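Undergrad: So here's work_30.txt (compact mmCIF, C-alpha atoms and all ligand atoms).
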```
# COMPACT_ATOMS: atom_id res chain seq x y z
CA MET A 1 0.00 0.00 0.00
CA SER A 2 1.28 3.48 -0.81
CA ASP A 3 1.92 5.83 2.13
CA ASP A 4 1.36 8.89 -0.06
CA ALA A 5 -1.14 11.02 1.94
CA THR A 6 -2.13 13.24 -1.01
CA PRO A 7 -5.95 13.21 -1.20
CA THR A 8 -7.57 11.83 -4.35
CA ASP A 9 -10.06 13.99 -6.28
CA HIS A 10 -13.01 12.24 -4.64
CA GLN A 11 -11.73 12.47 -1.06
CA ALA A 12 -14.23 14.72 0.72
CA ILE A 13 -13.16 17.61 2.94
CA PRO A 14 -15.31 19.54 5.50
CA ASN A 15 -16.85 22.65 3.92
CA GLY A 16 -16.24 24.73 7.06
CA ILE A 17 -19.89 25.38 8.01
CA GLN A 18 -20.59 24.74 11.74
CA ALA A 19 -23.22 22.32 13.11
CA PRO A 20 -26.54 24.26 13.57
CA HIS A 21 -26.92 23.55 17.33
CA HIS A 22 -29.22 26.58 17.68
CA LEU A 23 -31.89 24.83 15.59
CA ASN A 24 -32.21 22.05 18.23
CA LEU A 25 -32.94 19.44 15.58
CA PRO A 26 -34.42 16.18 16.94
CA TYR A 27 -33.04 12.87 15.66
CA PRO A 28 -34.87 12.30 12.33
CA ASP A 29 -36.14 8.84 13.29
CA LYS A 30 -39.69 9.28 11.91
CA PRO A 31 -40.63 10.21 8.33
CA GLU A 32 -42.17 13.55 9.31
CA LEU A 33 -39.05 14.54 11.31
CA ILE A 34 -36.87 14.16 8.20
CA THR A 35 -39.08 16.69 6.43
CA SER A 36 -39.36 19.10 9.38
CA ASN A 37 -35.59 19.00 10.09
CA LEU A 38 -34.87 19.83 6.49
CA GLN A 39 -37.43 22.64 6.59
CA LYS A 40 -35.68 24.12 9.65
CA LEU A 41 -32.32 23.86 7.86
CA ILE A 42 -33.76 25.80 4.94
CA GLU A 43 -33.95 28.79 7.32
CA LEU A 44 -30.15 28.99 6.92
CA VAL A 45 -30.34 29.70 3.17
CA PRO A 46 -29.16 33.33 2.82
CA ASN A 47 -30.69 34.17 -0.55
CA PRO A 48 -34.49 34.69 -0.13
CA ARG A 49 -35.34 33.49 -3.63
CA HIS A 50 -33.17 30.37 -3.23
CA LYS A 51 -34.77 29.77 0.17
CA PHE A 52 -38.27 30.00 -1.29
CA VAL A 53 -37.56 27.80 -4.33
CA PHE A 54 -35.68 25.17 -2.31
CA GLU A 55 -38.33 25.04 0.41
CA ARG A 56 -41.04 24.46 -2.23
CA LEU A 57 -38.91 21.83 -4.01
CA ILE A 58 -38.36 19.87 -0.81
CA SER A 59 -41.98 20.19 0.19
CA HIS A 60 -43.21 18.85 -3.18
CA MET A 61 -40.57 16.11 -3.36
CA HIS A 62 -41.27 14.82 0.14
CA GLU A 63 -45.01 15.03 -0.48
CA PHE A 64 -44.51 13.05 -3.71
CA VAL A 65 -42.58 10.31 -1.87
CA ASN A 66 -45.20 10.18 0.89
CA GLU A 67 -48.16 10.20 -1.46
CA THR A 68 -46.82 7.52 -3.81
CA SER A 69 -45.10 5.42 -1.10
CA ILE A 70 -42.39 4.97 -3.69
CA THR A 71 -40.43 1.74 -3.20
CA THR A 72 -36.66 1.56 -2.73
CA GLU A 73 -36.43 -0.26 -6.06
CA GLU A 74 -38.49 2.38 -7.88
CA TRP A 75 -36.33 5.15 -6.45
CA MET A 76 -33.13 3.33 -7.50
CA ASN A 77 -34.59 2.90 -11.01
CA THR A 78 -35.30 6.64 -11.09
CA ILE A 79 -31.74 7.45 -10.07
CA GLN A 80 -30.37 5.04 -12.66
CA PHE A 81 -32.63 6.61 -15.29
CA LEU A 82 -31.36 10.12 -14.45
CA THR A 83 -27.78 8.81 -14.47
CA ARG A 84 -28.32 7.47 -18.00
CA VAL A 85 -29.84 10.82 -19.06
CA GLY A 86 -26.62 12.51 -17.91
CA GLN A 87 -24.43 9.88 -19.55
CA THR A 88 -26.23 10.37 -22.87
CA CYS A 89 -25.28 14.05 -22.96
CA THR A 90 -22.39 15.01 -25.24
CA PRO A 91 -21.18 18.43 -26.40
CA ILE A 92 -23.88 18.27 -29.16
CA ARG A 93 -26.59 16.20 -27.47
CA GLN A 94 -28.49 17.44 -24.42
CA GLU A 95 -30.69 14.65 -23.09
CA PHE A 96 -31.63 16.65 -19.95
CA ILE A 97 -33.16 19.40 -22.10
CA LEU A 98 -35.02 16.72 -24.04
CA LEU A 99 -36.32 15.32 -20.73
CA SER A 100 -37.43 18.79 -19.65
CA ASP A 101 -39.09 19.21 -23.09
CA VAL A 102 -41.10 15.97 -23.05
CA LEU A 103 -42.19 16.60 -19.44
CA GLY A 104 -43.58 19.98 -20.54
CA VAL A 105 -41.24 21.85 -18.18
CA SER A 106 -39.42 23.78 -20.95
CA ALA A 107 -42.75 24.95 -22.42
CA LEU A 108 -44.11 25.84 -18.97
CA VAL A 109 -41.02 27.88 -18.00
CA ASP A 110 -41.22 29.66 -21.36
CA SER A 111 -44.92 30.40 -20.99
CA LEU A 112 -44.36 31.99 -17.56
CA ASN A 113 -41.33 34.01 -18.66
CA CYS A 114 -42.64 35.08 -22.05
CA PRO A 115 -46.37 35.63 -21.50
CA PRO A 116 -48.25 36.91 -24.55
CA VAL A 117 -47.88 40.62 -25.28
CA LYS A 118 -50.96 42.00 -27.03
CA GLY A 119 -50.44 41.85 -30.77
CA ALA A 120 -46.97 40.29 -30.62
CA THR A 121 -45.92 36.94 -32.07
CA GLU A 122 -45.91 34.27 -29.38
CA SER A 123 -42.86 32.24 -28.42
CA SER A 124 -42.28 28.52 -28.82
CA VAL A 125 -39.64 26.02 -27.71
CA LEU A 126 -36.09 26.50 -29.02
CA GLY A 127 -35.22 22.81 -29.26
CA PRO A 128 -31.72 21.40 -29.44
CA PHE A 129 -31.03 21.91 -33.16
CA PHE A 130 -30.17 25.60 -33.38
CA THR A 131 -26.55 26.15 -34.45
CA GLU A 132 -24.42 29.31 -34.62
CA ASP A 133 -23.05 28.56 -38.07
CA ALA A 134 -26.07 29.30 -40.29
CA PRO A 135 -24.97 31.02 -43.51
CA ASP A 136 -26.05 34.56 -44.33
CA VAL A 137 -28.86 34.49 -46.88
CA GLU A 138 -29.82 37.38 -49.19
CA GLN A 139 -33.42 38.53 -49.50
CA GLY A 140 -35.08 35.92 -51.74
CA GLY A 141 -32.19 33.48 -51.27
CA SER A 142 -32.51 29.86 -50.22
CA ILE A 143 -31.74 28.32 -46.84
CA ALA A 144 -31.88 24.79 -48.33
CA SER A 145 -29.79 23.16 -51.01
CA GLU A 146 -31.63 21.76 -54.05
CA GLY A 147 -33.32 18.40 -53.44
CA LYS A 148 -33.88 18.87 -49.69
CA GLY A 149 -37.67 18.96 -50.00
CA LYS A 150 -40.70 20.49 -51.67
CA TYR A 151 -40.38 24.17 -52.46
CA MET A 152 -41.71 26.74 -49.98
CA TYR A 153 -41.37 30.52 -50.01
CA VAL A 154 -41.56 32.34 -46.67
CA GLU A 155 -42.31 36.07 -46.65
CA GLY A 156 -43.69 38.86 -44.51
CA ARG A 157 -42.59 41.86 -42.52
CA VAL A 158 -40.99 42.33 -39.15
CA LEU A 159 -43.11 44.86 -37.25
CA SER A 160 -43.33 46.37 -33.80
CA THR A 161 -46.56 45.94 -31.79
CA ASP A 162 -47.44 49.53 -32.82
CA GLY A 163 -47.41 48.46 -36.50
CA LYS A 164 -44.15 50.22 -37.40
CA PRO A 165 -41.65 48.28 -39.52
CA VAL A 166 -38.53 46.94 -37.82
CA PRO A 167 -35.66 47.24 -40.32
CA ASP A 168 -32.45 45.23 -40.06
CA ALA A 169 -33.87 42.64 -37.67
CA VAL A 170 -31.74 39.49 -37.64
CA ILE A 171 -33.81 36.43 -38.50
CA GLU A 172 -32.32 33.01 -37.82
CA THR A 173 -34.36 30.20 -39.33
CA TRP A 174 -33.89 26.43 -39.43
CA GLU A 175 -35.83 23.27 -40.24
CA THR A 176 -35.43 19.61 -41.16
CA ASP A 177 -35.18 18.25 -44.69
CA ASP A 178 -37.99 16.14 -46.16
CA LEU A 179 -36.65 13.05 -44.37
CA GLY A 180 -37.19 14.76 -41.03
CA PHE A 181 -33.51 15.26 -40.19
CA TYR A 182 -31.62 18.40 -39.25
CA ASP A 183 -28.25 18.79 -40.98
CA THR A 184 -26.53 18.15 -37.62
CA GLN A 185 -28.07 14.67 -37.51
CA TYR A 186 -26.05 13.55 -40.55
CA LYS A 187 -22.62 12.00 -40.08
CA GLY A 188 -19.83 13.97 -41.71
CA ARG A 189 -21.84 17.22 -41.95
CA GLU A 190 -19.63 19.49 -44.04
CA PHE A 191 -21.77 22.58 -44.23
CA ALA A 192 -24.93 24.00 -42.71
CA ASP A 193 -28.12 23.21 -44.64
CA CYS A 194 -31.80 24.03 -44.14
CA ARG A 195 -30.76 26.95 -41.96
CA GLY A 196 -29.92 30.56 -42.64
CA ARG A 197 -29.59 34.05 -41.24
CA LEU A 198 -31.13 37.05 -42.97
CA ARG A 199 -32.08 40.63 -42.21
CA SER A 200 -35.32 42.49 -42.72
CA ASP A 201 -35.02 45.36 -45.25
CA LYS A 202 -35.74 49.07 -44.71
CA GLU A 203 -39.50 48.44 -44.74
CA GLY A 204 -39.16 45.48 -42.40
CA LYS A 205 -39.77 43.02 -45.26
CA TYR A 206 -38.15 39.62 -45.44
CA GLY A 207 -38.43 36.70 -47.86
CA TYR A 208 -36.55 33.46 -48.45
CA ARG A 209 -36.78 30.06 -50.07
CA ALA A 210 -37.06 27.00 -47.85
CA VAL A 211 -38.65 23.56 -47.98
CA VAL A 212 -42.10 22.50 -46.82
CA PRO A 213 -41.67 21.36 -43.20
CA ILE A 214 -42.68 17.84 -42.27
CA CYS A 215 -43.39 16.18 -38.93
CA TYR A 216 -40.45 14.26 -37.46
CA PRO A 217 -39.54 12.22 -34.39
CA ILE A 218 -37.39 13.73 -31.65
CA PRO A 219 -34.35 11.57 -30.77
CA GLY A 220 -35.69 8.23 -29.53
CA ASP A 221 -32.49 6.21 -29.09
CA GLY A 222 -31.78 7.34 -25.51
CA PRO A 223 -33.42 7.14 -22.07
CA VAL A 224 -35.98 9.85 -22.97
CA GLY A 225 -37.07 7.77 -25.96
CA GLU A 226 -37.48 4.75 -23.65
CA LEU A 227 -39.48 6.86 -21.21
CA LEU A 228 -41.94 7.92 -23.93
CA LEU A 229 -42.37 4.29 -25.00
CA ASN A 230 -43.04 3.27 -21.37
CA LEU A 231 -45.58 6.10 -21.06
CA GLY A 232 -47.32 5.04 -24.28
CA ARG A 233 -46.57 8.42 -25.90
CA HIS A 234 -45.43 9.09 -29.46
CA ASN A 235 -42.20 11.03 -29.99
CA MET A 236 -43.39 13.18 -32.91
CA ARG A 237 -43.20 16.92 -33.43
CA PRO A 238 -45.68 18.36 -35.94
CA ASN A 239 -44.31 20.06 -39.08
CA HIS A 240 -42.65 23.37 -38.20
CA LEU A 241 -40.18 26.03 -39.20
CA HIS A 242 -38.02 27.58 -36.46
CA LEU A 243 -37.43 31.33 -36.21
CA MET A 244 -35.33 33.39 -33.84
CA VAL A 245 -35.60 37.13 -34.36
CA GLU A 246 -33.54 39.87 -32.75
CA ALA A 247 -33.56 43.66 -33.11
CA PRO A 248 -32.19 46.31 -30.73
CA GLY A 249 -34.83 47.50 -28.23
CA PHE A 250 -37.06 44.45 -28.71
CA ARG A 251 -37.43 41.23 -26.78
CA LYS A 252 -35.63 38.43 -28.59
CA LEU A 253 -38.27 36.18 -30.11
CA VAL A 254 -37.73 32.42 -30.19
CA THR A 255 -40.59 30.79 -31.99
CA ALA A 256 -41.75 28.38 -34.69
CA LEU A 257 -44.52 28.34 -37.27
CA TYR A 258 -46.68 25.25 -37.57
CA PRO A 259 -48.46 24.67 -40.91
CA ALA A 260 -52.10 23.64 -40.35
CA GLY A 261 -53.31 20.12 -41.02
CA ASP A 262 -50.59 18.07 -39.31
CA GLU A 263 -51.94 15.15 -37.29
CA PHE A 264 -49.53 15.87 -34.38
CA LEU A 265 -50.39 19.56 -33.88
CA SER A 266 -52.37 19.02 -30.70
CA SER A 267 -50.15 16.30 -29.24
CA ASP A 268 -46.68 17.73 -29.97
CA ALA A 269 -44.19 15.63 -27.95
CA VAL A 270 -42.67 18.84 -26.51
CA PHE A 271 -45.79 21.04 -26.09
CA GLY A 272 -44.56 23.81 -28.42
CA VAL A 273 -47.68 24.59 -30.47
CA LYS A 274 -49.81 27.68 -29.78
CA LYS A 275 -52.94 28.56 -31.77
CA GLY A 276 -51.43 31.83 -33.01
CA LEU A 277 -48.45 29.99 -34.46
CA VAL A 278 -50.49 27.67 -36.67
CA VAL A 279 -50.29 28.99 -40.25
CA LYS A 280 -51.92 28.18 -43.58
CA LEU A 281 -49.69 27.43 -46.55
CA GLU A 282 -50.96 28.69 -49.93
CA GLU A 283 -50.42 26.50 -52.98
CA VAL A 284 -48.96 28.54 -55.87
CA ASN A 285 -49.31 26.52 -59.04
CA ASP A 286 -47.51 28.84 -61.42
CA ASP A 287 -44.30 27.72 -63.12
CA ALA A 288 -43.28 31.27 -64.15
CA GLU A 289 -43.80 32.60 -60.62
CA ALA A 290 -41.83 29.69 -59.14
CA ARG A 291 -38.90 30.42 -61.48
CA LYS A 292 -39.15 34.16 -60.81
CA ARG A 293 -38.76 33.43 -57.10
CA GLY A 294 -35.63 31.42 -57.84
CA PHE A 295 -36.82 27.80 -57.56
CA PRO A 296 -34.52 26.05 -60.07
CA LYS A 297 -37.05 23.45 -61.22
CA GLY A 298 -40.04 25.81 -61.36
CA GLY A 299 -43.41 24.05 -61.17
CA SER A 300 -45.33 24.91 -58.03
CA PHE A 301 -44.49 25.96 -54.49
CA LYS A 302 -46.12 26.63 -51.14
CA LEU A 303 -46.28 30.17 -49.86
CA LEU A 304 -46.03 30.93 -46.13
CA LYS A 305 -46.96 34.54 -45.42
CA PHE A 306 -46.30 35.68 -41.88
CA ASP A 307 -45.68 39.03 -40.23
CA ILE A 308 -43.35 38.69 -37.27
CA ILE A 309 -44.47 41.10 -34.54
CA LEU A 310 -41.82 41.97 -31.96
CA SER A 311 -42.59 43.46 -28.55
CA PRO A 312 -40.53 46.40 -27.34
CA GLU A 313 -38.34 45.37 -24.37
CA ALA A 314 -40.26 47.55 -21.87
CA GLU A 315 -43.65 46.17 -22.99
CA ALA A 316 -42.41 42.57 -22.73
CA GLU A 317 -40.96 43.16 -19.25
CA ALA A 318 -44.18 44.86 -18.08
CA ALA A 319 -46.21 41.90 -19.37
CA ARG A 320 -43.93 39.43 -17.58
CA LYS A 321 -44.17 41.36 -14.28
CA ALA A 322 -47.95 41.78 -14.54
CA PHE A 323 -48.37 38.06 -15.24
CA ALA A 324 -46.10 37.13 -12.31
CA GLU A 325 -48.01 39.48 -9.97
CA GLU A 326 -51.37 38.14 -11.11
CA ARG A 327 -50.20 34.59 -10.47
CA ALA A 328 -48.66 35.50 -7.11
CA GLN A 329 -51.94 37.05 -5.95
CA THR A 330 -53.90 33.92 -6.73
CA SER A 331 -51.36 31.57 -5.15
CA GLY A 332 -49.84 33.69 -2.37
CA ARG A 333 -46.31 32.99 -3.59
CA PRO A 334 -43.55 35.64 -3.76
CA GLN A 335 -42.18 36.49 -7.25
C1 LIG B 1 -37.13 20.78 -32.28
O1 LIG B 1 -38.12 21.29 -32.70
O2 LIG B 1 -36.15 20.90 -32.98
C2 LIG B 1 -37.11 20.04 -30.97
C3 LIG B 1 -37.63 20.66 -29.85
C4 LIG B 1 -37.58 20.01 -28.63
C5 LIG B 1 -37.04 18.74 -28.55
C6 LIG B 1 -36.52 18.12 -29.68
C7 LIG B 1 -36.58 18.77 -30.90
FE FE B 2 -37.58 21.44 -34.78
```
What's the structure tokens form of this structure?

TA:
Amino acid sequence: MSDDATPTDHQAIPNGIQAPHHLNLPYPDKPELITSNLQKLIELVPNPRHKFVFERLISHMHEFVNETSITTEEWMNTIQFLTRVGQTCTPIRQEFILLSDVLGVSALVDSLNCPPVKGATESSVLGPFFTEDAPDVEQGGSIASEGKGKYMYVEGRVLSTDGKPVPDAVIETWETDDLGFYDTQYKGREFADCRGRLRSDKEGKYGYRAVVPICYPIPGDGPVGELLLNLGRHNMRPNHLHLMVEAPGFRKLVTALYPAGDEFLSSDAVFGVKKGLVVKLEEVNDDAEARKRGFPKGGSFKLLKFDIILSPEAEAEAARKAFAEERAQTSGRPQ
């Protein structure tokens, strides 16, 4: 045996905080004493918001264990499941976000933090497939290489809630190809495809070529996929086109547009669809028009017309505060 006394990385050391004798904690030898001891310890949390959130978390978790009388085996399975979720994460795959998405937590957090602002485009889930390397696309240019799907032209204006045009807004947009895969899901991806970055013009107008979105399954080869199977839930997202729009003085908008008619619109695996984001695609059956818009093979195309309405920063913040206050009044919780 080595006599080297150097601690290993996993050798624990005291953190320096003293025993809380002043709390007079009883031995936690009954279920309810475990909960009440922990609740007394929460009094030590210095940050009031942390104290509130942690107290509620413990209260709900302990209540959950009591209510379900969860077995030791079930709890070990849960821990093993969460361990596998963590082990599935890589620099480009985030299984914890996927778990939060399918449990509706991502959508719920977003709906509390980005409540609707009158007249403004609503938000939707970001998802894990946004990348920073989208190419710049000219007005009327294409975000997709030829052969990636059926032709679609997307156009509209970027406006403020007061109806004024927002020039020079940066629009990031991305979608899958007609096989339901993002470019990042292909081995040996050499360049970005089905994604682009463009700017609204002086009148706030934007327009670009894309492909008709299709529904597709979210990654199902990990623990989250297994969970959905065990819950008897499908892993489909309805057809959609992602948009992220930024302009100085406005709240950054992360959203998606969902063409009407998809069978998964009301049961989206990640709860991203809002009524105001469901759009109608027009069929344009005009070879000359298709060629004029730059579709190499002409023929027909779908037209998605959508005005993106941004909310000024102050309006968005006021809406968030008002919503939080309204909810606090009905529940008695601090914001
Ligand atoms: C997406 O739309 O890209 C997506 C969103 C949440 C989870 C998985 C995929
Ligand atoms: Fe998506």

Undergrad: Using all atoms listed in the file for the distances, tell me which of A:Ser145, A:Ile214, A:Gly16, A:Pro223 is nearest to Gln87 of chain A.

TA: A:Pro223

Undergrad: What separation in Å, quoted to one decimal, exists between atom CA of Leu25 of chain A and atom CA of Ile58 of chain A?

TA: 17.3 Å

Undergrad: Go through chain A residue by residue and, counting only C-alpha atoms and all ligand atoms, keep those with an atom at most 10 Å from ligand LIG 1 (chain B); for each kept residue give the shortest atom pair and its distance in Å to one decimal, ordered by chain and increasing number, as a Markdown table.

TA:
```
| residue | atom | partner | partner_atom | distance |
| --- | --- | --- | --- | --- |
| A:Gln94 | CA | B:LIG1 | C5 | 9.6 |
| A:Glu95 | CA | B:LIG1 | C5 | 9.3 |
| A:Ile97 | CA | B:LIG1 | C5 | 7.6 |
| A:Leu98 | CA | B:LIG1 | C5 | 5.3 |
| A:Leu99 | CA | B:LIG1 | C5 | 8.6 |
| A:Ser100 | CA | B:LIG1 | C5 | 8.9 |
| A:Asp101 | CA | B:LIG1 | C4 | 5.8 |
| A:Val102 | CA | B:LIG1 | C5 | 7.4 |
| A:Ser106 | CA | B:LIG1 | C4 | 8.8 |
| A:Ala107 | CA | B:LIG1 | C4 | 9.5 |
| A:Ser124 | CA | B:LIG1 | C3 | 9.2 |
| A:Val125 | CA | B:LIG1 | C3 | 6.1 |
| A:Leu126 | CA | B:LIG1 | C3 | 6.1 |
| A:Gly127 | CA | B:LIG1 | C3 | 3.3 |
| A:Pro128 | CA | B:LIG1 | O2 | 5.7 |
| A:Phe129 | CA | B:LIG1 | O2 | 5.2 |
| A:Phe130 | CA | B:LIG1 | O2 | 7.6 |
| A:Trp174 | CA | B:LIG1 | O2 | 8.8 |
| A:Glu175 | CA | B:LIG1 | O2 | 7.6 |
| A:Thr176 | CA | B:LIG1 | O2 | 8.3 |
| A:Phe181 | CA | B:LIG1 | O2 | 9.5 |
| A:Tyr182 | CA | B:LIG1 | O2 | 8.1 |
| A:Cys215 | CA | B:LIG1 | O1 | 9.6 |
| A:Tyr216 | CA | B:LIG1 | O1 | 8.8 |
| A:Pro217 | CA | B:LIG1 | C7 | 8.0 |
| A:Ile218 | CA | B:LIG1 | C6 | 4.9 |
| A:Pro219 | CA | B:LIG1 | C6 | 7.0 |
| A:Gly220 | CA | B:LIG1 | C6 | 9.9 |
| A:Asn235 | CA | B:LIG1 | C6 | 9.1 |
| A:Met236 | CA | B:LIG1 | C7 | 9.0 |
| A:Arg237 | CA | B:LIG1 | O1 | 6.7 |
| A:Pro238 | CA | B:LIG1 | O1 | 8.7 |
| A:Asn239 | CA | B:LIG1 | O1 | 9.0 |
| A:His240 | CA | B:LIG1 | O1 | 7.4 |
| A:Leu241 | CA | B:LIG1 | O1 | 8.3 |
| A:His242 | CA | B:LIG1 | O1 | 7.3 |
| A:Thr255 | CA | B:LIG1 | O1 | 9.8 |
| A:Ala256 | CA | B:LIG1 | O1 | 8.2 |
| A:Asp268 | CA | B:LIG1 | C4 | 9.5 |
| A:Ala269 | CA | B:LIG1 | C5 | 7.8 |
| A:Val270 | CA | B:LIG1 | C4 | 5.6 |
| A:Phe271 | CA | B:LIG1 | C4 | 8.7 |
| A:Gly272 | CA | B:LIG1 | C3 | 7.7 |
```

Undergrad: Using the selection just defined, write its residues with C-alpha atoms as a short mmCIF file (atom, residue, chain, number, x, y, z; two decimals), keeping the file's coordinate frame.

TA:
```
data_model
loop_
_atom_site.label_atom_id
_atom_site.label_comp_id
_atom_site.auth_asym_id
_atom_site.auth_seq_id
_atom_site.Cartn_x
_atom_site.Cartn_y
_atom_site.Cartn_z
CA GLN A 94 -28.49 17.44 -24.42
CA GLU A 95 -30.69 14.65 -23.09
CA ILE A 97 -33.16 19.40 -22.10
CA LEU A 98 -35.02 16.72 -24.04
CA LEU A 99 -36.32 15.32 -20.73
CA SER A 100 -37.43 18.79 -19.65
CA ASP A 101 -39.09 19.21 -23.09
CA VAL A 102 -41.10 15.97 -23.05
CA SER A 106 -39.42 23.78 -20.95
CA ALA A 107 -42.75 24.95 -22.42
CA SER A 124 -42.28 28.52 -28.82
CA VAL A 125 -39.64 26.02 -27.71
CA LEU A 126 -36.09 26.50 -29.02
CA GLY A 127 -35.22 22.81 -29.26
CA PRO A 128 -31.72 21.40 -29.44
CA PHE A 129 -31.03 21.91 -33.16
CA PHE A 130 -30.17 25.60 -33.38
CA TRP A 174 -33.89 26.43 -39.43
CA GLU A 175 -35.83 23.27 -40.24
CA THR A 176 -35.43 19.61 -41.16
CA PHE A 181 -33.51 15.26 -40.19
CA TYR A 182 -31.62 18.40 -39.25
CA CYS A 215 -43.39 16.18 -38.93
CA TYR A 216 -40.45 14.26 -37.46
CA PRO A 217 -39.54 12.22 -34.39
CA ILE A 218 -37.39 13.73 -31.65
CA PRO A 219 -34.35 11.57 -30.77
CA GLY A 220 -35.69 8.23 -29.53
CA ASN A 235 -42.20 11.03 -29.99
CA MET A 236 -43.39 13.18 -32.91
CA ARG A 237 -43.20 16.92 -33.43
CA PRO A 238 -45.68 18.36 -35.94
CA ASN A 239 -44.31 20.06 -39.08
CA HIS A 240 -42.65 23.37 -38.20
CA LEU A 241 -40.18 26.03 -39.20
CA HIS A 242 -38.02 27.58 -36.46
CA THR A 255 -40.59 30.79 -31.99
CA ALA A 256 -41.75 28.38 -34.69
CA ASP A 268 -46.68 17.73 -29.97
CA ALA A 269 -44.19 15.63 -27.95
CA VAL A 270 -42.67 18.84 -26.51
CA PHE A 271 -45.79 21.04 -26.09
CA GLY A 272 -44.56 23.81 -28.42
#
```

Undergrad: Looking at A:Ala260, A:Val273, A:Ile13, A:Leu112, which one is nearest to Pro213 of chain A, with distances taken over only C-alpha atoms?

TA: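 Nearest candidate to Pro213 of chain A out of A:Ala260, A:Val273, A:Ile13, A:Leu112: A:Ala260.
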
Undergrad: Mind giving me the straight-line distance from atom CA of Pro20 of chain A to atom CA of Val65 of chain A in Å, one decimal?

TA: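 Separation between atom CA of Pro20 of chain A and atom CA of Val65 of chain A: 26.3 Å.
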
Undergrad: Here is a test: counting only C-alpha atoms and all ligand atoms, which residue of A:Asp193, A:Asp177, A:Val224, A:His234 is nearest to ligand FE 2 (chain B)?

TA: A:Asp177

Undergrad: Could you please determine the separation between atom CA of Pro116 of chain A and atom CA of Ala319 of chain A in Å, to one decimal place?

TA: 7.5 Å

Undergrad: Give the answer as one residue: which of A:Gly204, A:Thr173, A:Ala322, A:Ala316 has the shortest atom-to-atom distance to ligand FE 2 (chain B), using only C-alpha atoms and all ligand atoms?

TA: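 Closest candidate: A:Thr173.
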
Undergrad: For ligand FE 2 (chain B), which residue out of A:Arg189, A:Arg195, A:Lys148, A:Arg56 is the nearest one, using only C-alpha atoms and all ligand atoms?

TA: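 Among the listed residues, the smallest separation from ligand FE 2 (chain B) belongs to A:Arg195.
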
Undergrad: Return the single residue from A:Cys194, A:Ala247, A:Leu57, A:Val166 that is closest to ligand FE 2 (chain B), with distances computed using all atoms listed in the file.

TA: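 The answer is A:Cys194, which sits nearest to ligand FE 2 (chain B).
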
Undergrad: Which residues are close to Arg84 of chain A, i.e. within 10 Å by all atoms listed in the file, leaving aside same-chain residues fewer than 4 positions away? Reply as a PyMOL selection string.

TA: chain A and resi 78-80+88-89+95-96+222-224

Undergrad: As JSON, what would the box around segment 24-38 of chain A look like: edges along x, y and z, 5 Å added on every side, centre and edge lengths in Å to one decimal?

TA:
```
{"center_x": -37.2, "center_y": 15.4, "center_z": 12.3, "size_x": 20.0, "size_y": 23.2, "size_z": 21.8}
```

Undergrad: Would you pick out the contacts of Gln139 of chain A at 8 Å or less, using only C-alpha atoms, so that residues sharing its chain but fewer than 5 positions from it are not included, and give the list as a list in words?

TA: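 Using only C-alpha atoms, the neighbours found are Leu198, Arg199, Tyr206, Gly207 and Tyr208 of chain A.
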
Undergrad: If we count all atoms listed in the file and set the cut-off at 9 Å, which residues sit around Lys202 of chain A, ignoring sequence neighbours fewer than 4 positions away in its own chain? Please answer as a count of residues only.

TA: 4

Undergrad: Which neighbours of Leu38 of chain A fall inside 10 Å, counting only C-alpha atoms, when residues of the same chain fewer than 3 positions from it are skipped, and could you give them as a list in words?

TA: Leu25, Pro28, Leu33, Ile34, Thr35, Leu41, Ile42, Glu43, Glu55, Ile58 and Ser59 of chain A
